[in-house]
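Have a look at the structure below, then the notes.
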Amino acid sequence: MNEARKVVVGVAGGIAAYKACHLVRDFKERGDDVRVVPTENALNFVGAATFEALSGHPVDTGVFTRVDEVQHVRVGQEAELIVIAPATADLIARIAAGRADDLLTSSILVATCPIVIAPAMHTEMWLNSATRANVATLRKRGMTVLEPAHGRLTGVDTGPGRLLEPGAIAELARTVAQTGPIERTLEGKRVLISAGGTQENIDPVRYIGNRSSGRQGFALADIAAHKGATVTVVAANTESLDTPAGVEVVRVRSTRELEAEMLTRAVGADVVIMAAAVADFRPAAEASSKLKKGEADGALSTIHLTENPDVLRLLVDRREAGEIDALIVGFAAETDNALEYGKAKLARKGADMLMVNDVAGGKVFGEERNRGWLVASDGSVNEIADGTKHVIAVQMWEAMEKWTERFAN
């Protein structure tokens with residue numbers, strides 16, 4: 001279930017300020033009590049009346065409004081989550097300097113709740129050494145500064161600095177509110193993740209597949225990217241999902257296509273996660289034209305299958321042969337005795353860790369939430385508590401990092 005919170009949405013004076021309207025609506029639709037605190041410049045892009053109508057609260061910008069309520073202190077004190085989107089280079093600099101010259105910066109200086117900052121600015125500003133230093137300062141103070149997207153900016157310019165989409169900001173902010181700041185603990189690491197469900201053609205219009213949506217793999221990739229990693233996702237049939245910002249996505253359809261990409265791209269990776277639901281079998285022969293019901297040879301009613309490659313085991317074999325050097329993590333979807341079957345599967349596969357899900361009754365596949373156990377080859381079991389798939393991703397990364405540290409020493 002989603003926990004309703006008192007959320008302050010801060011809005012700085014950039015062209016992306018209009019996207020804050022969608023962010024406010026996202027929080028409101030989840031049941032949150034939202035207060036919008038814009039800068040004075042933000043009101044040049046979106047009027048106070050719009051924010052008031054969407055949030056149901058008055059909008060103020062200065063420290064001398066509602067003085068009788070000591071508003072410049074109360075807003076920050078009462079907030080359970082502060083999300084700033086967009087955050088301009090100027091606002092980031094003022095927060096880093098500890099300024100308190102308007103209602104938004106005063107509220108931030110008072111607040112003890114999680115603070116999530118979503119930057120939006122031109123590429124040159126984002127890459128400027130002053131901005132980089134300010135961002136580093138905010139991260140050291142425990143604030144989560146999200147990486148901006150790469151894309152179209154104001155005018156004809158394109159590059160890093162585009163505001164993340166409101167839905168992505170809201171999901172990451174809710175995750176931070178539950179799990180704590182997203183720290184840059186994976187900087188310099190290369191992460192390879194498979195996601196989605198492979199499909200094996202029967203004929204040009206039919207296939208054998210499974211229910212995997214790819215959401216968990218994409219959530220793992222999203223969190224890893226914001227933790228500083230260079231991330232590639234080999235995605236099988238996940239076109240309905242938005243690509244996480246800063247993540248390279250390689251599209252595949254079948255198990256053999258996924259196998260080829262994973263084995264090639266695993267070279268040089270530090271972490272390889274097989275989150276995709278790979279089809280165990282494929283038709284022994286793919287028909288070149290649509291098979292018809294009622295045909296004499298019964299081709300559609302009797303489909304001969306052949307076993308697909310075991311991609312996880314192949315990755316382990318490549319590591320044993322010295323061709324790759326990575327932490328290897330797999331997934332197991334079980335419908336009964338999930339934990340025990342998962343432990344046995346880990347032993348067979350030879351991976352370092354295995355995320356075990358109980359999918360009885362169609363649970364997990366395509367849903368927003370997940371739970372399970374992350375079992376390791378040393379016999380340890382990390383219970384992964386129920387949560388959104390982004391919250392699950394945070395728990396998994398924390399467990400993977402601790403396990404790696406323990407065996408690296």
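Residues are named by chain letter and number: chains run A, B, ... in the order of the structure tokens, numbers start at 1 in each chain, and ligands are numbered from 1 in the order shown.
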
Write out as a list in words each polymer residue whose atoms come within 10 Å of A:Met125, counting only C-alpha atoms; drop sequence neighbours fewer than 2 positions from it.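 Those residues are Thr88, Ala89, Asp90, Ala120, Met121, His122, Thr123, Leu127, Asn128, Ser129, Ala130, Thr131, Arg132, Pro160 and Gly161 of chain A.
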
Contact check, stretch 320-359 of chain A to stretch 211-214 of chain A, at most 12 Å, counting only C-alpha atoms, closest pairs as a tab-separated table:
residue	atom	partner	partner_atom	distance
A:Phe331	CA	A:Ser212	CA	11.8
A:Ala333	CA	A:Ser212	CA	10.1
A:Val359	CA	A:Arg211	CA	10.5

If DSSP is run on the backbone, what residues of stretch 128-372 of chain A are strand (DSSP E)? A reply as an MDAnalysis selection string would be ideal. chainID A and resid 144:145 149:152 158:162 190:196 200:201 207:208 230:236 247:252 271:274 281:283 305:307 327:334 353:358 369:372

Non-local contacts of A:Glu187 (7 Å; only C-alpha atoms; under 4 positions in same chain excluded) as a list in words: Lys227, Gly228 and Ala229 of chain A

Might you pull out every residue within 12 Å of A:Arg94, with only C-alpha atoms counted and same-chain residues fewer than 4 positions away left off, and present them as a ChimeraX atom specification? /A:12,39,87-90,98-102,104-106,108-109,130-131,134-135,137-138

Gap from atom CA of A:Val249 to atom CA of A:Ile202 - Å, one decimal: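 Atom-to-atom, atom CA of A:Val249 and atom CA of A:Ile202 are spaced 26.1 Å apart.
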
Can you pull out every residue from stretch 2-233 of chain A that DSSP, working from the backbone, puts in alpha helix (DSSP H), and format the result as a CSV table (one decimal) with N, CA and C atoms, in the first residue's frame?
chain,number,residue,atom,x,y,z
A,19,LYS,N,6.2,21.0,-16.2
A,19,LYS,CA,6.2,19.6,-15.8
A,19,LYS,C,5.9,19.4,-14.4
A,20,ALA,N,6.1,20.4,-13.5
A,20,ALA,CA,5.8,20.3,-12.1
A,20,ALA,C,4.3,20.1,-11.9
A,21,CYS,N,3.5,20.6,-12.8
A,21,CYS,CA,2.0,20.4,-12.7
A,21,CYS,C,1.7,18.9,-12.7
A,22,HIS,N,2.3,18.2,-13.6
A,22,HIS,CA,2.1,16.7,-13.7
A,22,HIS,C,2.6,16.0,-12.5
A,23,LEU,N,3.7,16.5,-11.9
A,23,LEU,CA,4.3,15.9,-10.7
A,23,LEU,C,3.3,16.1,-9.5
A,24,VAL,N,2.8,17.3,-9.4
A,24,VAL,CA,1.8,17.6,-8.3
A,24,VAL,C,0.6,16.6,-8.5
A,25,ARG,N,0.1,16.5,-9.7
A,25,ARG,CA,-1.0,15.6,-9.9
A,25,ARG,C,-0.7,14.2,-9.5
A,26,ASP,N,0.5,13.7,-9.9
A,26,ASP,CA,0.9,12.3,-9.6
A,26,ASP,C,0.8,12.1,-8.1
A,27,PHE,N,1.4,13.0,-7.3
A,27,PHE,CA,1.4,12.8,-5.8
A,27,PHE,C,-0.1,12.9,-5.3
A,28,LYS,N,-0.8,13.8,-5.8
A,28,LYS,CA,-2.2,14.0,-5.3
A,28,LYS,C,-3.0,12.7,-5.6
A,29,GLU,N,-2.8,12.1,-6.8
A,29,GLU,CA,-3.6,10.9,-7.1
A,29,GLU,C,-3.2,9.7,-6.2
A,48,ALA,N,0.5,31.1,-10.2
A,48,ALA,CA,0.2,30.6,-8.8
A,48,ALA,C,-1.2,29.9,-8.8
A,49,ALA,N,-2.1,30.5,-9.6
A,49,ALA,CA,-3.5,29.9,-9.6
A,49,ALA,C,-3.5,28.4,-10.1
A,50,THR,N,-2.6,28.1,-11.0
A,50,THR,CA,-2.5,26.7,-11.5
A,50,THR,C,-2.1,25.8,-10.4
A,51,PHE,N,-1.0,26.2,-9.7
A,51,PHE,CA,-0.5,25.4,-8.6
A,51,PHE,C,-1.5,25.3,-7.5
A,52,GLU,N,-2.2,26.3,-7.2
A,52,GLU,CA,-3.2,26.3,-6.1
A,52,GLU,C,-4.3,25.4,-6.5
A,53,ALA,N,-4.8,25.4,-7.7
A,53,ALA,CA,-5.9,24.6,-8.1
A,53,ALA,C,-5.5,23.1,-8.1
A,54,LEU,N,-4.3,22.8,-8.5
A,54,LEU,CA,-3.8,21.4,-8.5
A,54,LEU,C,-3.5,20.9,-7.1
A,55,SER,N,-3.0,21.7,-6.2
A,55,SER,CA,-2.6,21.2,-4.9
A,55,SER,C,-3.7,21.4,-3.8
A,71,GLN,N,5.5,30.9,8.6
A,71,GLN,CA,5.4,30.0,7.5
A,71,GLN,C,6.8,29.6,7.0
A,72,HIS,N,7.8,30.4,7.0
A,72,HIS,CA,9.1,30.1,6.5
A,72,HIS,C,9.8,29.0,7.3
A,73,VAL,N,9.3,28.7,8.5
A,73,VAL,CA,9.8,27.6,9.3
A,73,VAL,C,8.8,26.4,9.2
A,74,ARG,N,7.5,26.7,9.3
A,74,ARG,CA,6.5,25.6,9.4
A,74,ARG,C,6.5,24.7,8.2
A,75,VAL,N,6.6,25.3,7.0
A,75,VAL,CA,6.6,24.5,5.8
A,75,VAL,C,7.6,23.4,5.8
A,76,GLY,N,8.8,23.7,6.1
A,76,GLY,CA,9.9,22.8,6.1
A,76,GLY,C,9.8,21.8,7.3
A,77,GLN,N,9.4,22.3,8.4
A,77,GLN,CA,9.2,21.4,9.6
A,77,GLN,C,8.2,20.3,9.4
A,78,GLU,N,7.1,20.7,8.8
A,78,GLU,CA,6.0,19.7,8.6
A,78,GLU,C,6.1,18.8,7.4
A,89,ALA,N,20.4,25.6,-12.1
A,89,ALA,CA,21.7,25.8,-11.6
A,89,ALA,C,21.8,26.8,-10.5
A,90,ASP,N,21.0,27.9,-10.6
A,90,ASP,CA,21.0,29.0,-9.6
A,90,ASP,C,20.4,28.5,-8.3
A,91,LEU,N,19.3,27.7,-8.4
A,91,LEU,CA,18.7,27.2,-7.1
A,91,LEU,C,19.6,26.2,-6.5
A,92,ILE,N,20.2,25.3,-7.2
A,92,ILE,CA,21.2,24.4,-6.6
A,92,ILE,C,22.3,25.1,-5.9
A,93,ALA,N,22.8,26.2,-6.6
A,93,ALA,CA,23.9,27.0,-5.9
A,93,ALA,C,23.4,27.6,-4.6
A,94,ARG,N,22.2,28.1,-4.6
A,94,ARG,CA,21.7,28.8,-3.4
A,94,ARG,C,21.5,27.8,-2.3
A,95,ILE,N,21.0,26.6,-2.6
A,95,ILE,CA,20.8,25.6,-1.6
A,95,ILE,C,22.2,25.1,-1.1
A,96,ALA,N,23.2,25.0,-1.9
A,96,ALA,CA,24.5,24.6,-1.5
A,96,ALA,C,25.2,25.6,-0.6
A,103,LEU,N,11.0,31.5,0.4
A,103,LEU,CA,10.3,30.5,1.1
A,103,LEU,C,10.8,29.1,0.8
A,104,LEU,N,11.2,28.8,-0.4
A,104,LEU,CA,11.7,27.5,-0.8
A,104,LEU,C,13.0,27.2,-0.1
A,105,THR,N,14.0,28.1,-0.2
A,105,THR,CA,15.3,27.8,0.4
A,105,THR,C,15.2,27.8,1.9
A,106,SER,N,14.3,28.7,2.5
A,106,SER,CA,14.1,28.6,4.0
A,106,SER,C,13.6,27.3,4.4
A,107,SER,N,12.6,26.8,3.6
A,107,SER,CA,12.0,25.5,3.9
A,107,SER,C,13.0,24.4,3.9
A,108,ILE,N,13.9,24.4,2.9
A,108,ILE,CA,14.9,23.4,2.7
A,108,ILE,C,15.9,23.4,3.9
A,109,LEU,N,16.2,24.6,4.3
A,109,LEU,CA,17.2,24.8,5.4
A,109,LEU,C,16.7,24.3,6.7
A,110,VAL,N,15.3,24.3,6.9
A,110,VAL,CA,14.7,23.9,8.1
A,110,VAL,C,14.4,22.4,8.1
A,123,THR,N,23.1,21.9,-21.0
A,123,THR,CA,24.2,21.0,-20.8
A,123,THR,C,25.5,21.7,-20.3
A,124,GLU,N,25.8,22.8,-20.8
A,124,GLU,CA,27.0,23.5,-20.3
A,124,GLU,C,26.9,23.9,-18.9
A,125,MET,N,25.7,24.3,-18.4
A,125,MET,CA,25.5,24.6,-17.0
A,125,MET,C,25.6,23.4,-16.2
A,126,TRP,N,25.0,22.2,-16.6
A,126,TRP,CA,25.1,21.0,-15.8
A,126,TRP,C,26.5,20.5,-15.7
A,127,LEU,N,27.3,20.7,-16.7
A,127,LEU,CA,28.7,20.2,-16.7
A,127,LEU,C,29.7,21.2,-16.2
A,129,SER,N,32.0,23.3,-13.8
A,129,SER,CA,32.6,22.8,-12.5
A,129,SER,C,32.0,23.3,-11.3
A,130,ALA,N,31.4,24.5,-11.4
A,130,ALA,CA,30.7,25.1,-10.2
A,130,ALA,C,29.4,24.3,-9.9
A,131,THR,N,28.7,23.9,-10.9
A,131,THR,CA,27.5,23.1,-10.7
A,131,THR,C,27.9,21.7,-10.2
A,132,ARG,N,28.9,21.1,-10.8
A,132,ARG,CA,29.3,19.8,-10.3
A,132,ARG,C,29.7,19.8,-8.9
A,133,ALA,N,30.4,20.9,-8.4
A,133,ALA,CA,30.8,21.0,-7.0
A,133,ALA,C,29.6,21.2,-6.1
A,134,ASN,N,28.6,22.0,-6.6
A,134,ASN,CA,27.4,22.2,-5.8
A,134,ASN,C,26.6,20.9,-5.6
A,135,VAL,N,26.5,20.2,-6.7
A,135,VAL,CA,25.8,18.9,-6.7
A,135,VAL,C,26.5,17.9,-5.7
A,136,ALA,N,27.8,17.9,-5.8
A,136,ALA,CA,28.6,17.0,-4.9
A,136,ALA,C,28.3,17.4,-3.4
A,137,THR,N,28.3,18.7,-3.2
A,137,THR,CA,28.0,19.2,-1.8
A,137,THR,C,26.7,18.7,-1.3
A,138,LEU,N,25.6,18.8,-2.1
A,138,LEU,CA,24.3,18.4,-1.7
A,138,LEU,C,24.2,17.0,-1.5
A,139,ARG,N,24.9,16.2,-2.3
A,139,ARG,CA,24.9,14.7,-2.1
A,139,ARG,C,25.6,14.3,-0.8
A,140,LYS,N,26.7,15.0,-0.5
A,140,LYS,CA,27.4,14.8,0.8
A,140,LYS,C,26.5,15.1,2.0
A,166,PRO,N,7.9,13.5,-15.2
A,166,PRO,CA,7.3,13.6,-13.8
A,166,PRO,C,7.1,12.2,-13.2
A,167,GLY,N,6.6,11.2,-13.9
A,167,GLY,CA,6.3,9.9,-13.3
A,167,GLY,C,7.6,9.3,-12.8
A,168,ALA,N,8.7,9.5,-13.5
A,168,ALA,CA,10.0,8.9,-13.0
A,168,ALA,C,10.4,9.6,-11.7
A,169,ILE,N,10.3,10.9,-11.7
A,169,ILE,CA,10.7,11.7,-10.5
A,169,ILE,C,9.8,11.3,-9.3
A,170,ALA,N,8.5,11.1,-9.5
A,170,ALA,CA,7.7,10.8,-8.4
A,170,ALA,C,8.0,9.4,-7.9
A,171,GLU,N,8.3,8.4,-8.8
A,171,GLU,CA,8.6,7.1,-8.3
A,171,GLU,C,9.9,7.0,-7.5
A,172,LEU,N,10.9,7.7,-8.0
A,172,LEU,CA,12.2,7.8,-7.4
A,172,LEU,C,12.1,8.5,-6.0
A,173,ALA,N,11.3,9.6,-6.0
A,173,ALA,CA,11.1,10.3,-4.7
A,173,ALA,C,10.4,9.5,-3.7
A,174,ARG,N,9.4,8.7,-4.1
A,174,ARG,CA,8.7,7.8,-3.1
A,174,ARG,C,9.6,6.7,-2.6
A,175,THR,N,10.5,6.3,-3.5
A,175,THR,CA,11.5,5.3,-3.1
A,175,THR,C,12.4,5.9,-2.1
A,176,VAL,N,12.9,7.1,-2.3
A,176,VAL,CA,13.8,7.7,-1.4
A,176,VAL,C,13.2,7.9,0.0
A,177,ALA,N,11.9,8.3,-0.1
A,177,ALA,CA,11.1,8.5,1.2
A,177,ALA,C,11.1,7.3,2.0
A,178,GLN,N,11.1,6.1,1.4
A,178,GLN,CA,11.0,4.8,2.1
A,178,GLN,C,12.3,4.2,2.4
A,179,THR,N,13.3,4.4,1.6
A,179,THR,CA,14.6,3.7,1.7
A,179,THR,C,15.8,4.6,2.1
A,215,ARG,N,9.6,-5.0,-15.6
A,215,ARG,CA,9.6,-3.9,-14.7
A,215,ARG,C,10.7,-4.0,-13.6
A,216,GLN,N,10.9,-5.2,-13.1
A,216,GLN,CA,12.0,-5.3,-12.1
A,216,GLN,C,13.4,-5.1,-12.6
A,217,GLY,N,13.6,-5.6,-13.8
A,217,GLY,CA,14.9,-5.4,-14.5
A,217,GLY,C,15.2,-3.9,-14.7
A,218,PHE,N,14.1,-3.2,-15.2
A,218,PHE,CA,14.3,-1.8,-15.5
A,218,PHE,C,14.4,-1.0,-14.2
A,219,ALA,N,13.8,-1.4,-13.1
A,219,ALA,CA,13.9,-0.7,-11.8
A,219,ALA,C,15.3,-0.9,-11.3
A,220,LEU,N,15.9,-2.1,-11.5
A,220,LEU,CA,17.3,-2.3,-11.1
A,220,LEU,C,18.2,-1.4,-11.9
A,221,ALA,N,18.0,-1.3,-13.1
A,221,ALA,CA,18.8,-0.4,-14.0
A,221,ALA,C,18.7,1.1,-13.6
A,222,ASP,N,17.4,1.5,-13.3
A,222,ASP,CA,17.2,2.9,-13.0
A,222,ASP,C,17.9,3.3,-11.7
A,223,ILE,N,17.8,2.4,-10.7
A,223,ILE,CA,18.5,2.7,-9.4
A,223,ILE,C,20.0,2.7,-9.6
A,224,ALA,N,20.5,1.7,-10.4
A,224,ALA,CA,22.0,1.6,-10.6
A,224,ALA,C,22.5,2.8,-11.3
A,225,ALA,N,21.8,3.4,-12.3
A,225,ALA,CA,22.2,4.6,-13.0
A,225,ALA,C,22.3,5.8,-12.1
A,226,HIS,N,21.3,5.9,-11.2
A,226,HIS,CA,21.3,7.0,-10.3
A,226,HIS,C,22.3,6.8,-9.2

For A:Arg348, the nearest of the candidates A:Ile117, A:Glu383, A:Leu312, A:Glu323, counting only C-alpha atoms: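 Ranking A:Ile117, A:Glu383, A:Leu312, A:Glu323 by distance to A:Arg348, first place goes to A:Leu312.
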